[in-house]
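For reference, start-v1.txt (compact mmCIF, C-alpha atoms and all ligand atoms):
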# COMPACT_ATOMS: atom_id res chain seq x y z
CA MET A 140 -21.66 -5.20 17.43
CA ALA A 141 -23.35 -1.81 17.35
CA GLY A 142 -23.08 0.63 14.49
CA ARG A 143 -21.52 0.33 11.09
CA SER A 144 -18.50 -1.75 10.28
CA ALA A 145 -16.32 -2.50 7.28
CA ILE A 146 -13.64 -5.00 6.31
CA GLY A 147 -10.55 -4.13 4.29
CA LEU A 148 -8.96 -7.09 2.50
CA ASP A 149 -5.37 -6.74 1.31
CA ILE A 150 -4.36 -9.33 -1.27
CA GLY A 151 -0.56 -9.25 -1.11
CA THR A 152 2.21 -11.29 -2.67
CA SER A 153 3.07 -13.07 0.56
CA GLY A 154 -0.42 -13.37 2.00
CA VAL A 155 -3.97 -12.17 2.41
CA ARG A 156 -4.67 -9.85 5.32
CA ALA A 157 -7.91 -8.37 6.56
CA ALA A 158 -9.01 -5.84 9.17
CA GLU A 159 -12.53 -5.24 10.38
CA LEU A 160 -13.28 -1.81 11.80
CA SER A 161 -16.43 -0.52 13.45
CA PHE A 162 -17.33 3.14 13.38
CA GLY A 163 -18.78 4.65 16.52
CA LYS A 164 -19.28 8.27 17.53
CA GLY A 165 -15.89 9.90 17.06
CA ARG A 166 -13.99 6.67 17.36
CA VAL A 167 -12.98 3.73 15.25
CA THR A 168 -12.48 0.27 16.72
CA LEU A 169 -10.38 -2.55 15.38
CA GLU A 170 -12.74 -5.51 15.80
CA LYS A 171 -10.79 -8.25 14.03
CA PHE A 172 -7.49 -8.74 12.26
CA GLY A 173 -6.12 -11.81 10.58
CA GLN A 174 -3.73 -13.02 7.90
CA VAL A 175 -3.02 -16.21 5.97
CA ALA A 176 0.10 -16.89 3.87
CA LEU A 177 -0.20 -17.37 0.12
CA ARG A 178 1.85 -19.77 -1.90
CA SER A 179 4.47 -18.15 -4.07
CA GLY A 180 3.23 -17.22 -7.55
CA ALA A 181 -0.49 -16.87 -6.73
CA VAL A 182 -0.07 -13.09 -6.83
CA ARG A 183 2.54 -11.85 -9.25
CA ASP A 184 3.70 -8.24 -9.57
CA GLY A 185 0.70 -7.13 -7.54
CA GLU A 186 -1.83 -8.99 -9.69
CA VAL A 187 -3.89 -12.07 -8.91
CA VAL A 188 -2.74 -14.79 -11.32
CA ASP A 189 -4.10 -17.86 -9.56
CA SER A 190 -7.55 -16.93 -8.30
CA ASP A 191 -8.21 -20.42 -6.91
CA ALA A 192 -5.15 -20.27 -4.67
CA VAL A 193 -6.03 -16.75 -3.52
CA ALA A 194 -9.65 -17.78 -2.90
CA ALA A 195 -8.50 -20.76 -0.83
CA ALA A 196 -6.35 -18.48 1.35
CA ILE A 197 -9.21 -15.98 1.80
CA LYS A 198 -11.55 -18.85 2.76
CA GLN A 199 -9.05 -20.02 5.32
CA LEU A 200 -8.74 -16.48 6.66
CA TRP A 201 -12.51 -16.24 7.10
CA ALA A 202 -12.59 -19.64 8.79
CA HIS A 203 -9.85 -18.56 11.24
CA THR A 204 -10.89 -15.03 12.05
CA LYS A 205 -14.51 -14.50 12.91
CA PHE A 206 -15.27 -11.51 10.75
CA SER A 207 -18.86 -10.31 11.07
CA SER A 208 -19.50 -9.99 7.34
CA LYS A 209 -18.64 -11.35 3.91
CA LYS A 210 -18.47 -7.94 2.28
CA VAL A 211 -15.02 -6.54 1.68
CA ILE A 212 -13.20 -3.53 0.29
CA ILE A 213 -10.13 -4.44 -1.74
CA GLY A 214 -7.18 -2.48 -3.09
CA VAL A 215 -5.17 -2.51 -6.31
CA ALA A 216 -1.54 -1.54 -6.85
CA ASN A 217 0.40 -2.78 -9.85
CA GLN A 218 1.55 -1.80 -13.34
CA LYS A 219 -2.01 -1.96 -14.64
CA VAL A 220 -3.19 0.99 -12.66
CA ILE A 221 -1.98 4.50 -13.35
CA VAL A 222 -2.35 7.66 -11.31
CA ARG A 223 -1.82 11.04 -12.93
CA GLN A 224 -2.47 14.61 -12.03
CA VAL A 225 -4.81 16.13 -14.62
CA ASP A 226 -6.61 19.44 -15.10
CA LEU A 227 -10.21 19.26 -16.30
CA PRO A 228 -12.71 22.00 -17.05
CA TRP A 229 -14.69 22.58 -13.88
CA MET A 230 -18.16 21.01 -13.75
CA PRO A 231 -20.55 19.79 -11.06
CA ALA A 232 -19.54 16.50 -9.42
CA ASP A 233 -22.33 14.39 -10.94
CA GLU A 234 -21.63 15.72 -14.43
CA LEU A 235 -17.94 15.06 -13.97
CA LYS A 236 -18.68 11.51 -12.94
CA SER A 237 -20.85 10.77 -15.96
CA SER A 238 -18.53 12.43 -18.47
CA LEU A 239 -15.18 11.32 -17.00
CA ALA A 240 -14.58 8.70 -19.69
CA PHE A 241 -14.92 11.32 -22.46
CA GLN A 242 -12.75 13.82 -20.61
CA VAL A 243 -9.75 11.64 -19.95
CA GLN A 244 -9.14 9.37 -22.96
CA ASP A 245 -6.14 11.51 -24.02
CA PHE A 246 -4.43 10.92 -20.69
CA LEU A 247 -4.75 7.14 -20.78
CA PRO A 248 -2.32 4.55 -22.13
CA MET A 249 -5.25 2.14 -22.69
CA PRO A 250 -8.62 2.36 -24.44
CA VAL A 251 -11.08 3.96 -22.07
CA GLU A 252 -13.54 1.00 -22.39
CA GLN A 253 -10.91 -1.27 -20.86
CA ALA A 254 -10.40 0.93 -17.81
CA VAL A 255 -12.10 1.53 -14.49
CA LEU A 256 -11.82 5.25 -13.78
CA ASP A 257 -11.80 7.39 -10.70
CA PHE A 258 -11.05 11.06 -10.12
CA HIS A 259 -9.94 12.65 -6.84
CA PRO A 260 -10.33 16.43 -6.93
CA LEU A 261 -7.43 18.32 -5.34
CA GLU A 262 -8.04 22.00 -5.97
CA GLU A 263 -9.74 24.52 -8.17
CA LEU A 264 -7.62 26.83 -10.30
CA ALA A 265 -8.29 29.80 -12.55
CA GLY A 266 -7.92 28.80 -16.20
CA GLU A 267 -7.56 30.90 -19.33
CA GLY A 268 -10.10 33.68 -19.77
CA GLY A 269 -11.36 33.31 -16.22
CA SER A 270 -12.60 29.74 -16.73
CA ARG A 271 -12.62 27.38 -13.77
CA VAL A 272 -10.28 24.40 -13.84
CA LEU A 273 -10.44 21.40 -11.57
CA ARG A 274 -7.09 19.80 -10.78
CA GLY A 275 -7.14 16.28 -9.45
CA LEU A 276 -5.66 12.80 -9.52
CA LEU A 277 -6.97 10.55 -12.24
CA VAL A 278 -6.87 6.84 -11.42
CA ALA A 279 -7.29 4.39 -14.28
CA ALA A 280 -7.11 0.66 -13.70
CA SER A 281 -7.34 -2.15 -16.23
CA ARG A 282 -10.80 -3.65 -15.93
CA ASP A 283 -9.46 -7.20 -16.46
CA MET A 284 -6.95 -6.79 -13.66
CA VAL A 285 -9.57 -5.45 -11.24
CA ASN A 286 -11.92 -8.27 -12.23
CA GLY A 287 -9.18 -10.79 -11.44
CA SER A 288 -9.17 -9.66 -7.81
CA ILE A 289 -12.97 -9.50 -7.60
CA GLU A 290 -13.14 -13.02 -9.02
CA ALA A 291 -10.82 -14.40 -6.33
CA VAL A 292 -12.99 -12.75 -3.66
CA ARG A 293 -16.13 -14.20 -5.25
CA LYS A 294 -14.64 -17.69 -5.41
CA ALA A 295 -13.98 -17.42 -1.67
CA GLY A 296 -17.71 -16.85 -1.13
CA LEU A 297 -17.35 -13.12 -0.36
CA SER A 298 -18.37 -10.02 -2.25
CA THR A 299 -16.50 -6.85 -3.09
CA THR A 300 -18.28 -3.61 -2.24
CA MET A 301 -15.51 -1.23 -3.26
CA VAL A 302 -12.17 -1.26 -5.06
CA ASP A 303 -9.67 1.36 -3.98
CA LEU A 304 -6.20 2.41 -4.98
CA THR A 305 -3.93 0.83 -2.35
CA PRO A 306 -1.78 3.98 -1.88
CA PHE A 307 -4.94 5.95 -1.00
CA ALA A 308 -5.66 3.38 1.69
CA VAL A 309 -2.17 3.91 3.07
CA VAL A 310 -2.82 7.66 3.33
CA ARG A 311 -6.06 7.07 5.16
CA SER A 312 -4.49 4.84 7.77
CA LEU A 313 -1.35 6.91 8.34
CA SER A 314 -2.23 10.57 8.01
CA ASP A 315 -2.70 11.98 11.47
CA PRO A 316 -6.08 13.65 12.01
CA ASP A 317 -4.72 15.22 15.22
CA HIS A 318 -2.44 17.24 13.03
CA LEU A 319 -5.31 19.03 11.30
CA GLY A 320 -5.34 22.68 12.14
CA MET A 321 -1.64 22.66 12.98
CA GLY A 322 -0.43 23.83 9.57
CA THR A 323 0.26 21.68 6.57
CA GLN A 324 1.85 18.36 7.11
CA VAL A 325 3.63 16.99 4.04
CA GLU A 326 4.77 13.42 4.48
CA ALA A 327 5.99 10.61 2.29
CA LEU A 328 4.39 7.28 3.16
CA VAL A 329 6.22 4.20 1.93
CA ASP A 330 4.63 0.77 2.30
CA VAL A 331 7.22 -1.85 1.40
CA GLY A 332 5.80 -5.26 0.55
CA ALA A 333 7.34 -8.38 -0.91
CA LYS A 334 7.09 -7.26 -4.55
CA VAL A 335 5.14 -4.01 -4.46
CA THR A 336 6.16 -0.76 -2.82
CA ASN A 337 3.60 2.01 -2.62
CA ILE A 338 4.93 5.53 -2.29
CA VAL A 339 2.56 8.39 -1.67
CA VAL A 340 3.20 11.98 -0.68
CA HIS A 341 0.26 13.55 1.08
CA GLU A 342 -0.47 17.03 2.29
CA SER A 343 -2.59 16.88 5.45
CA GLY A 344 -4.31 13.73 4.25
CA VAL A 345 -4.70 14.73 0.60
CA PRO A 346 -2.63 12.55 -1.76
CA ARG A 347 -0.39 14.69 -3.98
CA PHE A 348 1.87 12.17 -5.61
CA VAL A 349 1.65 8.41 -6.06
CA ARG A 350 4.25 5.96 -7.33
CA ILE A 351 3.85 2.20 -7.40
CA LEU A 352 7.19 0.37 -7.63
CA LEU A 353 7.41 -3.32 -8.44
CA MET A 354 10.10 -3.91 -5.85
CA GLY A 355 10.21 -5.09 -2.29
CA GLY A 356 11.64 -7.46 0.26
CA GLN A 357 11.38 -10.46 -2.00
CA ASP A 358 13.90 -8.98 -4.43
CA VAL A 359 16.48 -9.07 -1.65
CA THR A 360 15.61 -12.68 -0.77
CA ASP A 361 15.65 -13.76 -4.44
CA ALA A 362 19.05 -12.16 -4.97
CA VAL A 363 20.52 -13.88 -1.90
CA ALA A 364 19.05 -17.25 -2.99
CA ASP A 365 20.39 -16.85 -6.55
CA ARG A 366 23.84 -15.64 -5.70
CA MET A 367 24.38 -18.14 -2.88
CA GLY A 368 22.62 -21.03 -4.62
CA ILE A 369 20.45 -21.73 -1.55
CA PRO A 370 16.70 -22.37 -1.12
CA HIS A 371 14.43 -19.38 -0.58
CA GLU A 372 13.59 -20.20 3.03
CA GLN A 373 17.26 -20.21 3.91
CA ALA A 374 17.88 -17.00 1.97
CA GLU A 375 14.95 -15.36 3.74
CA ALA A 376 16.35 -16.33 7.15
CA MET A 377 19.81 -15.02 6.22
CA LYS A 378 18.36 -11.75 4.96
CA GLN A 379 16.35 -11.25 8.15
CA GLN A 380 19.44 -11.89 10.24
CA LEU A 381 21.71 -9.65 8.24
CA GLY A 382 20.04 -6.46 7.04
CA ILE A 383 21.74 -3.59 5.23
CA GLY A 384 25.16 -2.39 6.33
CA VAL A 385 26.17 -5.13 8.76
CA GLN A 386 29.63 -6.54 9.31
CA ALA A 387 29.05 -10.26 8.86
CA ASP A 388 31.24 -13.07 10.20
CA GLY A 389 32.30 -15.95 7.97
CA MET A 390 32.60 -16.20 4.19
CA ASP A 391 29.01 -17.16 3.44
CA ALA A 392 27.53 -14.48 5.63
CA GLN A 393 29.88 -11.90 4.14
CA ALA A 394 28.90 -12.87 0.61
CA ALA A 395 25.20 -12.77 1.48
CA SER A 396 25.70 -9.47 3.26
CA ARG A 397 27.17 -7.92 0.09
CA VAL A 398 24.09 -9.02 -1.87
CA VAL A 399 21.70 -7.58 0.74
CA GLU A 400 23.73 -4.38 0.72
CA ALA A 401 23.67 -4.05 -3.10
CA VAL A 402 19.98 -4.81 -3.56
CA GLY A 403 19.05 -2.72 -0.52
CA ALA A 404 21.05 0.25 -1.81
CA ALA A 405 19.40 0.03 -5.25
CA PHE A 406 16.01 -0.08 -3.56
CA VAL A 407 16.78 2.98 -1.44
CA ASP A 408 17.91 4.80 -4.61
CA GLU A 409 14.60 4.01 -6.31
CA ILE A 410 12.64 5.46 -3.41
CA ARG A 411 14.82 8.54 -3.32
CA GLY A 412 14.41 8.93 -7.11
CA SER A 413 10.63 8.90 -6.75
CA LEU A 414 10.72 11.50 -3.99
CA ASP A 415 13.10 13.67 -6.05
CA TYR A 416 10.66 13.46 -8.93
CA TYR A 417 7.87 14.70 -6.69
CA LEU A 418 10.04 17.49 -5.25
CA ALA A 419 10.98 18.66 -8.77
CA SER A 420 7.34 19.04 -9.80
CA SER A 421 5.86 22.50 -9.62
CA GLY A 422 4.10 23.49 -6.43
CA SER A 423 5.53 20.64 -4.38
CA ALA A 424 6.18 21.34 -0.72
CA PRO A 425 9.18 19.94 1.19
CA ILE A 426 8.67 16.57 2.87
CA SER A 427 8.89 16.74 6.65
CA LYS A 428 8.78 13.04 7.44
CA LEU A 429 9.00 9.63 5.78
CA VAL A 430 6.76 6.97 7.32
CA LEU A 431 7.62 3.35 6.59
CA THR A 432 5.24 0.39 6.82
CA GLY A 433 4.92 -3.13 5.37
CA GLY A 434 6.85 -6.32 5.99
CA GLY A 435 9.67 -5.20 3.71
CA ALA A 436 10.27 -2.22 6.02
CA ARG A 437 11.51 -4.72 8.63
CA LEU A 438 14.75 -5.18 6.72
CA GLY A 439 17.46 -4.22 9.20
CA GLY A 440 19.12 -0.90 8.39
CA LEU A 441 16.56 0.12 5.73
CA ALA A 442 15.04 2.95 7.78
CA GLN A 443 18.46 4.32 8.72
CA ARG A 444 19.74 4.13 5.16
CA LEU A 445 16.64 5.88 3.84
CA GLN A 446 17.05 8.63 6.39
CA VAL A 447 20.69 9.22 5.48
CA THR A 448 19.97 9.12 1.74
CA THR A 449 16.85 11.31 1.66
CA ARG A 450 17.85 13.57 4.58
CA VAL A 451 14.28 13.27 5.83
CA PRO A 452 13.50 11.82 9.28
CA VAL A 453 12.18 8.27 8.93
CA GLU A 454 9.84 6.52 11.32
CA ILE A 455 7.90 3.25 11.36
CA GLY A 456 4.20 3.87 10.91
CA SER A 457 1.46 2.66 13.23
CA PRO A 458 -1.87 2.38 11.44
CA MET A 459 -3.46 1.04 14.62
CA HIS A 460 -2.30 4.03 16.66
CA GLY A 461 -5.55 5.96 16.46
CA LEU A 462 -7.81 2.91 16.80
CA GLN A 463 -9.49 1.45 19.85
CA VAL A 464 -8.85 -2.25 20.06
CA GLY A 465 -11.92 -4.47 20.45
CA LYS A 466 -12.13 -8.19 21.14
CA THR A 467 -9.70 -9.16 18.41
CA GLY A 468 -8.48 -12.28 20.19
CA LEU A 469 -4.93 -10.97 19.75
CA SER A 470 -2.57 -10.13 22.60
CA PRO A 471 -1.10 -6.61 22.85
CA GLU A 472 2.23 -8.12 21.70
CA GLN A 473 0.58 -9.66 18.65
CA ILE A 474 -1.16 -6.38 17.86
CA ALA A 475 2.13 -4.51 18.14
CA PHE A 476 3.80 -7.04 15.82
CA VAL A 477 1.17 -6.84 13.08
CA ASP A 478 0.56 -3.09 13.41
CA PRO A 479 3.06 -1.96 10.72
CA LEU A 480 1.67 -4.64 8.37
CA ALA A 481 -1.87 -3.33 8.68
CA ALA A 482 -1.66 -0.01 6.81
CA VAL A 483 -3.40 -1.37 3.71
CA PRO A 484 -6.29 -3.41 5.21
CA VAL A 485 -6.99 -0.76 7.89
CA GLY A 486 -6.92 2.04 5.31
CA LEU A 487 -9.19 0.10 2.95
CA ALA A 488 -11.74 -0.39 5.73
CA LEU A 489 -11.48 3.29 6.70
CA GLY A 490 -12.58 4.09 3.15
CA ALA A 491 -16.09 2.98 4.12
CA ALA A 492 -16.30 5.81 6.64
CA SER A 493 -15.47 8.60 4.22
N1 LIG B 501 12.14 -9.41 9.94
C1 LIG B 501 12.19 -9.14 8.64
N2 LIG B 501 13.33 -8.67 8.08
C2 LIG B 501 13.40 -8.40 6.77
N3 LIG B 501 12.37 -8.57 5.91
C3 LIG B 501 11.21 -9.03 6.41
C4 LIG B 501 11.06 -9.34 7.78
N4 LIG B 501 9.79 -9.77 7.98
C5 LIG B 501 9.18 -9.73 6.78
N5 LIG B 501 10.03 -9.30 5.83
C6 LIG B 501 9.76 -9.16 4.39
O1 LIG B 501 8.53 -8.54 4.18
C7 LIG B 501 8.04 -8.91 2.89
C8 LIG B 501 6.54 -9.12 2.97
O2 LIG B 501 5.93 -7.92 3.32
P1 LIG B 501 4.38 -7.74 3.24
O3 LIG B 501 3.73 -8.81 4.02
O4 LIG B 501 4.08 -6.33 3.58
O5 LIG B 501 4.14 -7.99 1.68
P2 LIG B 501 2.81 -8.33 0.89
O6 LIG B 501 1.80 -7.30 1.24
O7 LIG B 501 2.44 -9.73 1.06
O8 LIG B 501 3.30 -8.17 -0.61
P3 LIG B 501 3.08 -7.02 -1.70
O9 LIG B 501 2.53 -5.83 -1.01
O10 LIG B 501 4.43 -6.79 -2.25
O11 LIG B 501 2.16 -7.62 -2.68
C9 LIG B 501 8.78 -10.17 2.48
O12 LIG B 501 9.62 -9.87 1.39
C10 LIG B 501 9.63 -10.51 3.72
O13 LIG B 501 10.89 -10.99 3.37
MG MG B 502 1.41 -5.34 0.60

Represent the supplied structure as structure tokens.
Amino acid sequence: MAGRSAIGLDIGTSGVRAAELSFGKGRVTLEKFGQVALRSGAVRDGEVVDSDAVAAAIKQLWAHTKFSSKKVIIGVANQKVIVRQVDLPWMPADELKSSLAFQVQDFLPMPVEQAVLDFHPLEELAGEGGSRVLRGLLVAASRDMVNGSIEAVRKAGLSTTMVDLTPFAVVRSLSDPDHLGMGTQVEALVDVGAKVTNIVVHESGVPRFVRILLMGGQDVTDAVADRMGIPHEQAEAMKQQLGIGVQADGMDAQAASRVVEAVGAAFVDEIRGSLDYYLASSGSAPISKLVLTGGGARLGGLAQRLQVTTRVPVEIGSPMHGLQVGKTGLSPEQIAFVDPLAAVPVGLALGAAS
């Protein structure tokens, strides 16, 4: 393979997923894509809790899919990473980098020594007395949590070259570069997983607002299993058949349908609440589109319900849309099926190009 390439590895609740991209002149090619299921409980609330189980799944993924390298970029999204908009006194980039820890302690809910920090500049503003102020998004992640993921990767015989905030990866894979120069494009991207939902509002590719919710498709399955007293596999199958807002036949299906409806409605309300919060913040621009990705977005009726509730047009995202497809070994049908699940690994790999 000519040129540079990078692999994004998404460690999710339901499985590990990786995409290898190569970067040519003006084009990006999807070289490989693969996924392997994880046993329940290995990743909890977006955090690796059983690094051996995660490592075994990653090993299996590398054995299956012939990735060209053992170097990966991973993402984090859970309660142990916070993203906040902060204003800092302007300073040159290298100075900012070296003094970030001193600058931001007041904004953090954890001691600065226990955090991995990152700062994404958004814009420069005029401060008091003509001083320059740099507004940006501060990302602070618990070092232990990040190390947990790196450890699982290491145990699989791979190495981590970069750790990114998962919602930033989603922006990279879904913001449309063709739109540049056609005015501002403000979109809400919502990647719905099994237990983690990443919401990010971006303005022409620049993240403006990030919210990580510990909710997803698994909450619907768990509720159906609990309420009906049935095993998870059966609850999962019922959920996939039903979806939100269906008229079900038979007593069991009707009961399950009510559960899917209730949990689905609460989930939609959470997403709307997050978007309302963004819209209420000063300087926010109206959202023109909501783009849904992730396995959880496959829940029947979810897109429609979100559209009705938020009054914003909803569409299913295609992170592979702008990519050339190389010799992945996957059929066009398989590519189309996994496309909406690939926002995170594709976006992580794209981070190597920027
Ligand atoms: N056809 C379908 N209908 C409804 N839900 C579905 C369907 N297919 C998959 N799902 C749901 O998608 C969820 C898994 O999505 P995904 O693979 O994006 O999550 P993950 O990345 O492993 O987890 P997370 O991001 O939460 O850590 C599961 O809850 C599953 O029930
Ligand atoms: Mg996920």

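A straight line drawn from CA of Thr299 in chain A to CA of Glu159 in chain A is 14.1 Å long.
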
Pull the closest atom pair for each residue of chain A that gets at most 8 Å from ligand LIG 501 (chain B), along with the distance in Å to one decimal, counting all atoms listed in the file, ordering rows by chain and then ascending residue number, as JSON lines.
{"residue": "A:Asp149", "atom": "CA", "partner": "B:LIG501", "partner_atom": "O6", "distance": 7.2}
{"residue": "A:Ile150", "atom": "CA", "partner": "B:LIG501", "partner_atom": "O11", "distance": 6.9}
{"residue": "A:Gly151", "atom": "CA", "partner": "B:LIG501", "partner_atom": "O11", "distance": 3.5}
{"residue": "A:Thr152", "atom": "CA", "partner": "B:LIG501", "partner_atom": "O11", "distance": 3.7}
{"residue": "A:Ser153", "atom": "CA", "partner": "B:LIG501", "partner_atom": "O7", "distance": 3.4}
{"residue": "A:Gly154", "atom": "CA", "partner": "B:LIG501", "partner_atom": "O7", "distance": 4.7}
{"residue": "A:Val155", "atom": "CA", "partner": "B:LIG501", "partner_atom": "O7", "distance": 7.0}
{"residue": "A:Val182", "atom": "CA", "partner": "B:LIG501", "partner_atom": "O11", "distance": 7.2}
{"residue": "A:Arg183", "atom": "CA", "partner": "B:LIG501", "partner_atom": "O11", "distance": 7.8}
{"residue": "A:Asp184", "atom": "CA", "partner": "B:LIG501", "partner_atom": "O11", "distance": 7.1}
{"residue": "A:Gly185", "atom": "CA", "partner": "B:LIG501", "partner_atom": "O11", "distance": 5.1}
{"residue": "A:Asp330", "atom": "CA", "partner": "B:LIG501", "partner_atom": "O4", "distance": 7.2}
{"residue": "A:Val331", "atom": "CA", "partner": "B:LIG501", "partner_atom": "O4", "distance": 5.9}
{"residue": "A:Gly332", "atom": "CA", "partner": "B:LIG501", "partner_atom": "O5", "distance": 3.4}
{"residue": "A:Ala333", "atom": "CA", "partner": "B:LIG501", "partner_atom": "O12", "distance": 3.6}
{"residue": "A:Lys334", "atom": "CA", "partner": "B:LIG501", "partner_atom": "O10", "distance": 3.5}
{"residue": "A:Val335", "atom": "CA", "partner": "B:LIG501", "partner_atom": "O10", "distance": 3.6}
{"residue": "A:Thr336", "atom": "CA", "partner": "B:LIG501", "partner_atom": "O10", "distance": 6.3}
{"residue": "A:Leu353", "atom": "CA", "partner": "B:LIG501", "partner_atom": "O10", "distance": 7.7}
{"residue": "A:Met354", "atom": "CA", "partner": "B:LIG501", "partner_atom": "O10", "distance": 7.3}
{"residue": "A:Gly355", "atom": "CA", "partner": "B:LIG501", "partner_atom": "O10", "distance": 6.0}
{"residue": "A:Gly356", "atom": "CA", "partner": "B:LIG501", "partner_atom": "O12", "distance": 3.3}
{"residue": "A:Gln357", "atom": "CA", "partner": "B:LIG501", "partner_atom": "O12", "distance": 3.9}
{"residue": "A:Asp358", "atom": "CA", "partner": "B:LIG501", "partner_atom": "O12", "distance": 7.3}
{"residue": "A:Val359", "atom": "CA", "partner": "B:LIG501", "partner_atom": "O12", "distance": 7.5}
{"residue": "A:Thr360", "atom": "CA", "partner": "B:LIG501", "partner_atom": "O13", "distance": 6.5}
{"residue": "A:Glu375", "atom": "CA", "partner": "B:LIG501", "partner_atom": "O13", "distance": 6.0}
{"residue": "A:Lys378", "atom": "CA", "partner": "B:LIG501", "partner_atom": "C2", "distance": 6.3}
{"residue": "A:Gln379", "atom": "CA", "partner": "B:LIG501", "partner_atom": "N2", "distance": 4.0}
{"residue": "A:Gln380", "atom": "CA", "partner": "B:LIG501", "partner_atom": "N2", "distance": 7.2}
{"residue": "A:Gly382", "atom": "CA", "partner": "B:LIG501", "partner_atom": "C2", "distance": 6.9}
{"residue": "A:Thr432", "atom": "CA", "partner": "B:LIG501", "partner_atom": "O4", "distance": 7.5}
{"residue": "A:Gly433", "atom": "CA", "partner": "B:LIG501", "partner_atom": "O4", "distance": 3.8}
{"residue": "A:Gly434", "atom": "CA", "partner": "B:LIG501", "partner_atom": "O2", "distance": 3.2}
{"residue": "A:Gly435", "atom": "CA", "partner": "B:LIG501", "partner_atom": "O1", "distance": 3.6}
{"residue": "A:Ala436", "atom": "CA", "partner": "B:LIG501", "partner_atom": "N3", "distance": 6.7}
{"residue": "A:Arg437", "atom": "CA", "partner": "B:LIG501", "partner_atom": "N2", "distance": 4.4}
{"residue": "A:Leu438", "atom": "CA", "partner": "B:LIG501", "partner_atom": "C2", "distance": 3.5}
{"residue": "A:Gly439", "atom": "CA", "partner": "B:LIG501", "partner_atom": "N2", "distance": 6.2}
{"residue": "A:Leu480", "atom": "CA", "partner": "B:LIG501", "partner_atom": "O4", "distance": 5.6}

### Query
By how many Å are CA of Val220 in chain A and CA of Leu277 in chain A apart?
10.3 Å

### Query
With all atoms listed in the file as the basis for distance, which of A:Ser423, A:Ser343, A:Thr168, A:Thr449 is at the shortest distance from Glu409 in chain A?
A:Thr449

### Message
At a cut-off of 8 Å, using all atoms listed in the file, what residues contact range 227-241 of chain A? Leave out same-chain residues fewer than 3 positions from it and give the result as an NGL selection string.
### Response
:A and (244 or 251 or 256 or 263 or 270-274)

### Query
Counting only C-alpha atoms, what is within 9 Å of Ser314 in chain A, bar same-chain residues fewer than 6 positions away, as a VMD selection string?
chain A and resid 324 326 328 341 to 345 458

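Separating CA of Leu429 in chain A from CA of Pro452 in chain A is a distance of 6.1 Å.
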
### Message
as a PyMOL selection string, please: the residues near Ala145 in chain A (cut-off 12 Å, all atoms listed in the file, same-chain neighbours under 5 positions excluded).
### Response
chain A and resi 140+157-163+167-172+206-213+299-301+484-493

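Comparing A:Thr323, A:Gln463, A:Gln373, A:Ser413 by their smallest distance to Ala395 in chain A, the closest is A:Gln373 (using all atoms listed in the file).
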
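Remark: for ligand MG 502 (chain B), the closest of the candidate residues A:Val399, A:Val325, A:Ala362, A:Leu148 is A:Leu148 (distances computed over all atoms listed in the file).
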
### Task
Kindly extract all protein, DNA and RNA residues lying within 6 Å of the coordinates (-6.1, 6.4, -16.0) given in the file, considering all atoms listed in the file, and supply them as a PyMOL selection string.
chain A and resi 221+247+277-279
